[in-house]
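Asks: Just so it is clear, I am handing over upload37.cif, which has mmCIF, C-alpha atoms and all ligand atoms.
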```cif
data_my_file
#
loop_
_atom_site.label_atom_id
_atom_site.label_comp_id
_atom_site.auth_asym_id
_atom_site.auth_seq_id
_atom_site.Cartn_x
_atom_site.Cartn_y
_atom_site.Cartn_z
CA MET A 1 -26.31 -15.04 -23.09
CA SER A 2 -26.25 -11.34 -22.50
CA ALA A 3 -24.30 -10.68 -19.34
CA SER A 4 -24.79 -6.91 -19.34
CA ARG A 5 -28.26 -7.10 -17.83
CA TYR A 6 -26.79 -8.38 -14.55
CA PHE A 7 -24.52 -5.34 -14.16
CA SER A 8 -25.63 -1.91 -12.95
CA ASP A 9 -24.69 1.72 -13.48
CA THR A 10 -24.88 2.83 -9.86
CA TYR A 11 -24.60 1.39 -6.38
CA GLN A 12 -28.34 1.91 -5.77
CA ALA A 13 -29.29 0.16 -9.01
CA ALA A 14 -26.92 -2.72 -8.19
CA ARG A 15 -28.47 -3.06 -4.77
CA GLU A 16 -31.99 -3.23 -6.19
CA LYS A 17 -30.93 -5.76 -8.81
CA PHE A 18 -29.30 -7.96 -6.18
CA ARG A 19 -32.29 -7.87 -3.87
CA ALA A 20 -34.70 -8.63 -6.72
CA ALA A 21 -32.56 -11.57 -7.85
CA VAL A 22 -32.39 -12.95 -4.29
CA ALA A 23 -36.17 -12.68 -3.86
CA LYS A 24 -36.83 -14.41 -7.18
CA ALA A 25 -34.42 -17.22 -6.38
CA GLY A 26 -35.88 -17.81 -2.92
CA GLY A 27 -32.82 -16.70 -0.96
CA ILE A 28 -33.09 -15.45 2.61
CA PRO A 29 -32.15 -11.77 2.52
CA SER A 30 -30.61 -9.65 5.24
CA THR A 31 -29.52 -6.04 5.35
CA GLU A 32 -26.85 -4.35 7.44
CA ALA A 33 -27.47 -0.60 7.40
CA ASN A 34 -24.38 1.56 7.07
CA PRO A 35 -24.52 4.83 9.05
CA GLY A 36 -23.33 6.92 6.08
CA LYS A 37 -25.05 8.30 3.01
CA GLY A 38 -24.30 8.13 -0.69
CA PRO A 39 -23.42 11.19 -2.80
CA ASP A 40 -27.11 11.40 -3.77
CA GLY A 41 -28.14 11.38 -0.10
CA GLY A 42 -29.38 7.81 -0.45
CA SER A 43 -28.96 5.26 2.31
CA LEU A 44 -26.11 2.75 2.27
CA ALA A 45 -26.17 -0.88 3.26
CA THR A 46 -24.50 -4.23 2.85
CA ASP A 47 -27.03 -6.76 1.63
CA ALA A 48 -26.58 -10.48 1.99
CA ALA A 49 -28.44 -13.59 0.96
CA TRP A 50 -28.42 -17.13 2.22
CA PHE A 51 -29.18 -20.00 -0.11
CA GLY A 52 -29.55 -23.70 0.64
CA PRO A 53 -30.06 -25.68 3.83
CA LYS A 54 -29.95 -24.21 7.32
CA ASP A 55 -26.73 -25.24 9.07
CA PRO A 56 -24.98 -27.09 6.24
CA SER A 57 -21.54 -28.59 6.77
CA ARG A 58 -20.06 -26.69 3.83
CA ALA A 59 -20.76 -23.30 2.24
CA LEU A 60 -19.75 -21.08 -0.63
CA LEU A 61 -19.00 -17.48 0.37
CA LEU A 62 -19.06 -14.77 -2.31
CA VAL A 63 -18.15 -11.16 -1.52
CA SER A 64 -18.43 -8.08 -3.74
CA GLY A 65 -17.37 -4.50 -3.24
CA THR A 66 -14.53 -5.10 -0.77
CA HIS A 67 -12.90 -2.27 -2.67
CA GLY A 68 -16.05 -0.17 -3.13
CA VAL A 69 -15.96 0.83 -6.78
CA GLU A 70 -14.85 -2.70 -7.72
CA GLY A 71 -18.38 -3.69 -6.71
CA PHE A 72 -19.74 -2.91 -10.18
CA CYS A 73 -17.96 -6.05 -11.33
CA GLY A 74 -18.58 -8.20 -8.28
CA SER A 75 -22.26 -7.27 -8.12
CA GLY A 76 -22.73 -8.27 -11.76
CA ALA A 77 -21.01 -11.61 -11.13
CA GLU A 78 -23.14 -12.32 -8.06
CA VAL A 79 -26.41 -11.31 -9.71
CA GLY A 80 -25.46 -13.33 -12.79
CA TRP A 81 -24.78 -16.42 -10.68
CA ILE A 82 -28.13 -16.10 -8.91
CA GLU A 83 -30.09 -15.32 -12.09
CA THR A 84 -28.57 -18.21 -14.04
CA GLY A 85 -29.64 -20.72 -11.43
CA GLY A 86 -26.48 -20.94 -9.33
CA PRO A 87 -28.32 -21.50 -6.04
CA GLY A 88 -30.34 -24.30 -7.61
CA ARG A 89 -27.14 -26.07 -8.63
CA LEU A 90 -25.85 -26.32 -5.05
CA PRO A 91 -25.54 -30.01 -4.09
CA PRO A 92 -27.30 -31.27 -0.94
CA GLY A 93 -25.54 -30.23 2.23
CA ILE A 94 -23.96 -27.12 0.70
CA GLY A 95 -25.20 -23.60 1.33
CA ALA A 96 -24.13 -20.22 -0.02
CA LEU A 97 -23.68 -16.85 1.64
CA VAL A 98 -23.59 -14.06 -0.93
CA ILE A 99 -22.51 -10.69 0.46
CA HIS A 100 -23.25 -7.67 -1.72
CA ALA A 101 -21.28 -4.42 -1.31
CA ILE A 102 -19.39 -5.10 1.90
CA ASN A 103 -17.98 -1.57 1.47
CA PRO A 104 -21.12 0.28 0.36
CA HIS A 105 -19.59 3.71 0.96
CA GLY A 106 -16.80 3.08 -1.55
CA PHE A 107 -19.21 1.60 -4.08
CA ALA A 108 -21.63 4.53 -3.90
CA TRP A 109 -18.94 7.22 -3.86
CA LEU A 110 -16.85 5.51 -6.56
CA ARG A 111 -13.96 5.00 -4.19
CA ARG A 112 -11.78 2.01 -3.44
CA VAL A 113 -11.68 2.84 0.26
CA THR A 114 -14.17 2.99 3.13
CA ASP A 115 -15.55 6.22 4.61
CA ASP A 116 -12.48 6.42 6.88
CA ASN A 117 -10.10 6.10 3.89
CA VAL A 118 -9.29 2.52 4.78
CA ASP A 119 -8.38 -0.20 2.32
CA LEU A 120 -10.66 -2.92 3.69
CA ASN A 121 -8.46 -5.68 2.30
CA ARG A 122 -5.58 -4.41 4.49
CA ASN A 123 -7.75 -3.79 7.57
CA PHE A 124 -7.95 -7.38 8.84
CA VAL A 125 -4.65 -7.28 10.69
CA ASP A 126 -4.50 -8.20 14.35
CA PHE A 127 -4.66 -4.77 16.00
CA THR A 128 -3.50 -6.19 19.34
CA ARG A 129 -0.07 -6.74 17.76
CA PRO A 130 2.45 -4.31 16.26
CA LEU A 131 1.17 -3.13 12.87
CA PRO A 132 3.06 -4.13 9.71
CA GLU A 133 5.66 -1.62 8.55
CA ASN A 134 6.04 -0.49 4.95
CA PRO A 135 9.25 1.56 4.73
CA ALA A 136 9.11 1.56 0.92
CA TYR A 137 5.80 3.42 1.07
CA ASP A 138 7.24 5.90 3.57
CA GLU A 139 9.95 6.73 1.04
CA ILE A 140 7.48 7.79 -1.66
CA ALA A 141 4.55 8.88 0.52
CA ALA A 142 4.81 12.56 -0.43
CA ALA A 143 4.69 11.78 -4.14
CA LEU A 144 1.52 9.75 -3.65
CA ASP A 145 -0.38 12.37 -1.71
CA PRO A 146 0.29 15.85 -3.18
CA GLU A 147 -1.63 18.92 -2.11
CA ARG A 148 -2.24 20.11 -5.65
CA TRP A 149 -3.45 18.23 -8.72
CA ASP A 150 -2.46 20.46 -11.62
CA ASP A 151 -0.18 19.58 -14.54
CA ALA A 152 2.99 20.65 -12.77
CA ALA A 153 2.20 18.80 -9.53
CA ARG A 154 1.18 15.66 -11.41
CA ALA A 155 4.37 15.72 -13.47
CA ASP A 156 6.51 16.23 -10.38
CA CYS A 157 4.89 13.26 -8.59
CA ALA A 158 5.20 11.08 -11.69
CA ARG A 159 8.89 11.97 -11.94
CA ARG A 160 9.56 11.03 -8.33
CA LEU A 161 7.72 7.71 -8.67
CA GLN A 162 9.58 6.98 -11.90
CA THR A 163 12.87 7.55 -10.10
CA TYR A 164 11.85 4.90 -7.57
CA ALA A 165 10.81 2.50 -10.36
CA ASP A 166 14.07 3.07 -12.26
CA LYS A 167 16.01 2.16 -9.15
CA HIS A 168 13.93 -0.78 -7.88
CA GLY A 169 11.72 -1.90 -10.79
CA ASP A 170 8.10 -1.33 -11.78
CA PHE A 171 6.74 -4.15 -9.65
CA ALA A 172 8.66 -2.93 -6.62
CA LEU A 173 6.93 0.42 -7.06
CA GLN A 174 3.52 -1.27 -7.32
CA SER A 175 4.34 -3.33 -4.25
CA ALA A 176 5.52 -0.32 -2.23
CA ILE A 177 2.26 1.45 -2.95
CA SER A 178 -0.18 -1.44 -2.70
CA ARG A 179 1.05 -3.85 -0.06
CA GLY A 180 -0.65 -1.74 2.59
CA GLN A 181 0.48 0.76 5.21
CA HIS A 182 -0.79 1.85 8.60
CA LYS A 183 1.07 5.11 9.05
CA HIS A 184 -0.26 7.62 6.51
CA LYS A 185 -3.96 7.91 7.17
CA GLY A 186 -4.54 10.31 4.30
CA GLY A 187 -2.52 8.18 1.91
CA LEU A 188 -3.17 5.22 -0.36
CA PHE A 189 -3.77 1.59 0.64
CA PHE A 190 -4.10 2.68 4.27
CA GLY A 191 -4.98 -0.35 6.38
CA GLY A 192 -6.36 1.68 9.27
CA THR A 193 -5.59 1.59 12.97
CA VAL A 194 -8.91 0.12 14.13
CA PRO A 195 -11.44 -2.31 12.62
CA THR A 196 -13.76 -0.52 10.18
CA TRP A 197 -17.56 -0.86 9.99
CA SER A 198 -17.10 -3.09 6.94
CA ARG A 199 -14.71 -5.42 8.76
CA ARG A 200 -17.07 -5.75 11.72
CA THR A 201 -20.01 -6.32 9.38
CA PHE A 202 -18.18 -8.98 7.36
CA LEU A 203 -17.14 -10.92 10.44
CA ALA A 204 -20.59 -10.67 12.00
CA LEU A 205 -22.19 -12.09 8.84
CA CYS A 206 -19.64 -14.90 8.74
CA ARG A 207 -20.18 -15.73 12.42
CA ARG A 208 -23.93 -15.74 11.98
CA HIS A 209 -24.02 -17.98 8.92
CA LEU A 210 -20.78 -19.95 8.74
CA ALA A 211 -19.62 -20.71 12.30
CA ARG A 212 -21.10 -24.20 12.28
CA CYS A 213 -19.67 -25.14 8.87
CA ARG A 214 -16.62 -27.32 8.70
CA HIS A 215 -15.55 -25.93 5.31
CA VAL A 216 -16.03 -22.61 3.52
CA GLY A 217 -15.05 -21.90 -0.08
CA PHE A 218 -14.47 -18.15 -0.20
CA ILE A 219 -14.22 -16.04 -3.35
CA ASP A 220 -13.60 -12.29 -2.98
CA LEU A 221 -14.29 -10.41 -6.22
CA HIS A 222 -11.81 -7.73 -7.26
CA THR A 223 -10.75 -5.65 -10.27
CA GLY A 224 -7.83 -3.49 -11.36
CA LEU A 225 -4.98 -5.89 -12.05
CA GLY A 226 -4.15 -8.03 -15.07
CA PRO A 227 -5.18 -8.24 -18.72
CA TYR A 228 -8.53 -6.78 -19.85
CA GLY A 229 -11.38 -9.03 -18.77
CA TYR A 230 -9.21 -11.86 -17.51
CA GLY A 231 -10.10 -13.23 -14.08
CA GLU A 232 -6.97 -14.29 -12.20
CA PRO A 233 -7.54 -16.67 -9.28
CA ILE A 234 -5.16 -15.40 -6.58
CA CYS A 235 -4.58 -17.75 -3.68
CA MET A 236 -5.25 -16.20 -0.26
CA HIS A 237 -3.15 -18.73 1.61
CA ALA A 238 0.60 -18.84 2.05
CA PRO A 239 2.52 -21.53 0.16
CA GLY A 240 2.97 -24.65 2.23
CA THR A 241 -0.38 -24.39 4.01
CA SER A 242 -3.27 -26.81 3.54
CA GLY A 243 -5.37 -23.92 2.23
CA PHE A 244 -2.83 -23.33 -0.50
CA SER A 245 -2.97 -27.01 -1.56
CA ARG A 246 -6.75 -26.94 -1.67
CA VAL A 247 -6.90 -23.76 -3.77
CA SER A 248 -4.48 -25.36 -6.24
CA ALA A 249 -6.55 -28.55 -6.35
CA TRP A 250 -9.87 -26.75 -6.78
CA TYR A 251 -8.89 -24.11 -9.34
CA GLY A 252 -6.02 -25.73 -11.23
CA ASP A 253 -2.78 -24.41 -12.63
CA GLN A 254 -4.07 -20.90 -13.36
CA VAL A 255 -3.93 -20.15 -9.65
CA THR A 256 -1.31 -17.56 -8.74
CA SER A 257 0.37 -16.70 -5.48
CA PRO A 258 1.79 -13.27 -4.58
CA GLU A 259 4.25 -14.99 -2.22
CA GLN A 260 5.53 -17.10 -5.11
CA GLY A 261 5.91 -14.04 -7.34
CA ASN A 262 3.67 -15.25 -10.18
CA SER A 263 0.66 -13.02 -9.48
CA THR A 264 -0.21 -9.55 -10.78
CA SER A 265 -0.77 -8.70 -7.11
CA ALA A 266 1.91 -7.76 -4.63
CA VAL A 267 1.99 -9.57 -1.29
CA VAL A 268 -0.68 -7.93 0.85
CA VAL A 269 -1.32 -8.13 4.57
CA GLY A 270 -4.62 -7.84 6.44
CA THR A 271 -7.03 -9.44 3.95
CA LEU A 272 -10.60 -10.62 4.49
CA GLY A 273 -9.37 -14.20 4.22
CA GLU A 274 -6.98 -13.68 7.14
CA GLY A 275 -9.81 -12.17 9.15
CA LEU A 276 -12.14 -15.04 8.38
CA GLU A 277 -9.60 -17.69 9.37
CA ARG A 278 -8.83 -15.89 12.63
CA GLU A 279 -12.52 -15.38 13.43
CA LEU A 280 -13.58 -18.96 12.72
CA PRO A 281 -10.53 -21.11 13.48
CA GLN A 282 -12.68 -24.25 13.59
CA VAL A 283 -13.64 -23.79 9.92
CA ALA A 284 -11.40 -24.86 7.03
CA VAL A 285 -11.29 -21.93 4.58
CA THR A 286 -10.33 -22.37 0.94
CA GLY A 287 -10.03 -18.81 -0.27
CA MET A 288 -9.09 -16.94 -3.38
CA ALA A 289 -9.45 -13.45 -4.78
CA LEU A 290 -10.80 -13.44 -8.32
CA GLU A 291 -9.05 -10.42 -9.81
CA TYR A 292 -10.24 -9.04 -13.16
CA GLY A 293 -8.11 -6.86 -15.41
CA THR A 294 -9.36 -3.46 -16.50
CA GLN A 295 -6.67 -0.96 -17.51
CA PRO A 296 -2.85 -1.01 -17.31
CA VAL A 297 -1.53 -0.74 -13.74
CA PRO A 298 0.00 2.76 -14.16
CA ASP A 299 -3.41 4.12 -15.24
CA VAL A 300 -5.12 2.43 -12.31
CA LEU A 301 -2.60 3.85 -9.82
CA LEU A 302 -2.91 7.31 -11.39
CA ALA A 303 -6.69 7.16 -10.98
CA LEU A 304 -6.23 6.22 -7.32
CA ARG A 305 -3.85 9.10 -6.68
CA ALA A 306 -6.25 11.49 -8.39
CA ASP A 307 -9.19 10.23 -6.34
CA ASN A 308 -7.21 10.41 -3.12
CA TRP A 309 -6.33 14.03 -3.88
CA LEU A 310 -9.94 14.81 -4.81
CA HIS A 311 -11.38 13.66 -1.50
CA ARG A 312 -8.65 15.32 0.54
CA HIS A 313 -8.27 18.60 -1.24
CA GLY A 314 -10.74 18.90 -4.11
CA ASP A 315 -14.47 19.07 -4.81
CA PRO A 316 -16.09 15.91 -6.25
CA ALA A 317 -18.91 18.04 -7.71
CA SER A 318 -16.54 20.30 -9.70
CA PRO A 319 -15.76 19.62 -13.40
CA LEU A 320 -12.33 18.24 -12.40
CA GLY A 321 -14.00 16.19 -9.69
CA ARG A 322 -16.44 14.66 -12.17
CA LYS A 323 -13.58 13.89 -14.54
CA ILE A 324 -11.66 12.11 -11.76
CA LYS A 325 -14.76 10.16 -10.75
CA ARG A 326 -15.12 8.99 -14.35
CA GLN A 327 -11.42 8.09 -14.38
CA ILE A 328 -11.60 5.93 -11.25
CA ARG A 329 -14.82 4.22 -12.33
CA ASP A 330 -13.19 3.24 -15.63
CA ALA A 331 -10.05 2.08 -13.82
CA PHE A 332 -12.05 -0.51 -11.88
CA TYR A 333 -15.02 -1.18 -14.13
CA GLN A 334 -15.00 -1.52 -17.89
CA ASP A 335 -18.55 -0.63 -18.82
CA LYS A 336 -18.48 -2.68 -22.02
CA ASP A 337 -20.50 -5.70 -23.13
CA ASP A 338 -17.52 -7.89 -24.06
CA TRP A 339 -15.84 -7.24 -20.71
CA LYS A 340 -19.00 -8.14 -18.81
CA GLU A 341 -19.38 -11.35 -20.85
CA MET A 342 -15.82 -12.32 -19.93
CA VAL A 343 -16.38 -11.46 -16.28
CA LEU A 344 -19.55 -13.50 -15.97
CA LYS A 345 -18.29 -16.54 -17.89
CA ARG A 346 -15.20 -16.72 -15.73
CA ALA A 347 -17.13 -16.09 -12.51
CA LEU A 348 -19.58 -18.92 -13.23
CA GLU A 349 -16.69 -21.24 -14.06
CA MET A 350 -14.87 -20.40 -10.83
CA PHE A 351 -17.98 -20.52 -8.64
CA ASP A 352 -18.78 -23.96 -10.09
CA ARG A 353 -15.27 -25.12 -9.29
CA ALA A 354 -15.65 -23.90 -5.72
CA VAL A 355 -18.92 -25.76 -5.32
CA ALA A 356 -17.37 -28.91 -6.82
CA GLY A 357 -14.44 -28.56 -4.41
CA LEU A 358 -16.82 -28.22 -1.48
CA ALA A 359 -18.75 -31.27 -2.64
CA ARG A 360 -15.54 -33.30 -2.44
CA ALA A 361 -14.38 -31.76 0.85
ZN ZN B 1 -9.59 -5.04 -5.04
#
```
Could I get this structure in the form of structure tokens?

Replies:
Amino acid sequence: MSASRYFSDTYQAAREKFRAAVAKAGGIPSTEANPGKGPDGGSLATDAAWFGPKDPSRALLLVSGTHGVEGFCGSGAEVGWIETGGPGRLPPGIGALVIHAINPHGFAWLRRVTDDNVDLNRNFVDFTRPLPENPAYDEIAAALDPERWDDAARADCARRLQTYADKHGDFALQSAISRGQHKHKGGLFFGGTVPTWSRRTFLALCRRHLARCRHVGFIDLHTGLGPYGYGEPICMHAPGTSGFSRVSAWYGDQVTSPEQGNSTSAVVVGTLGEGLERELPQVAVTGMALEYGTQPVPDVLLALRADNWLHRHGDPASPLGRKIKRQIRDAFYQDKDDWKEMVLKRALEMFDRAVAGLARA
């Protein structure tokens, strides 16, 4: 098996590969055009494919590119599943909705965020209620969003963040930065103040295809946390819920839970899973994020700070801009054959487990 052929070097190439795989496998394609453009002037879209019976009682839901640039990984996993006969292995009565590049802007521009600088996986909060506070982020906000990105400015920011980590711990620093915030719209992990295009598109696709299901097995594909190439199944549901029990039963003892403190991820608020459950309350959702490791967390966070600075104050086409773009791509996508093999093997294993869980549900 050579997994590399399922992965792509650019958003446009990934899109073409996905659409070709869907056509070959007999999936029903659909395209949601995004109003923006890629850095090459090319059009942007979220593609989706439906496999299996019309109106099944249960469905697998795969999503790639929630965090834009992480779509290199998720796209490869989706294309690999389709190309290796995944749709054909669906038992009777089970369908699959595969969503490709739900944040096409971030994928094409090599960014984790949407065009409005929103972290899509923090954007699914209920905007009719008071937004979650993140006072820890407020404390270090200036060090995360400097106006300059030279050696002196970088060192000064690093020093201030290290001071926070020395006082509260490394994971507390990661949590402060990544749990999500709704106050600093030019900052990191900004959850937004309104629903983004990607949120509306995701929910519309789910309504269209999944509203009549009684059970959906949801896997959201991510990268950037954990050991190189390892895919960590992170439970989307709070401990004590029926969703939590089902995720544990389906995926076994490797499942982690941010709320229980055994995950590489901090507790995050406003995820796609929350949005899906709120949108389709009649549907039982068994959801997990499959999170693949790339580089050490400090390198990943540094790449995010650099990229945030670049799009606020710098020029992506400059030599420094190109260097930062390379840095953020590497932070979320290891363009290496062994990494892709690990990603695909794990993805197929987890997708099979989801389908088996649905078959029993
Ligand atoms: Zn992610």

Asks: Find the spatial neighbours of range 190-207 of chain A, counting all atoms listed in the file, within a cut-off of 7 Å - ignore same-chain residues fewer than 5 positions away - and output them as a list in words.

Replies: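 Answer for this query is Ile102, Asn103, Asn117, Val118, Asp119, Leu120, Arg122, Asn123, Phe127, Gly180, Gln181, His182, His184, Lys185 and Leu276 of chain A.
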
Asks: Using only C-alpha atoms and all ligand atoms, find each residue with an atom at most 6 Å away from ligand ZN 1 (chain B) and format the answer as a PyMOL selection string.

Replies: chain A and resi 67+222-223

Asks: Take CA of Ile219 in chain A and CA of Gly270 in chain A and report the distance between them in Å, one decimal.

Replies: 16.0 Å

Asks: Tell me which of A:Glu279, A:Phe189, A:Arg159, A:Ile94 sits closest to Ala354 in chain A, counting all atoms listed in the file.

Replies: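 When distances to Ala354 in chain A are compared using all atoms listed in the file, the smallest one comes from A:Ile94.
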
Asks: Report as lines of an AutoDock Vina configuration file the centre and the edge lengths, in Å to one decimal, of the axis-aligned box holding every listed atom of range 72-87 of chain A, padded by 6 Å on each side.

Replies:
```
center_x = -24.0
center_y = -12.2
center_z = -10.0
size_x = 24.1
size_y = 30.6
size_z = 20.0
```

Asks: Rounded to one decimal place, report the CA of Glu83 in chain A-CA of Phe18 in chain A distance in Å.

Replies: 9.5 Å

Asks: Using all atoms listed in the file, what residues lie at most 9 Å away from (-8.3, -22.8, -6.3) (file coordinates), given as number ranges by chain?

Replies: A: 233-235, 244-255, 286-288, 350, 353-354, 357
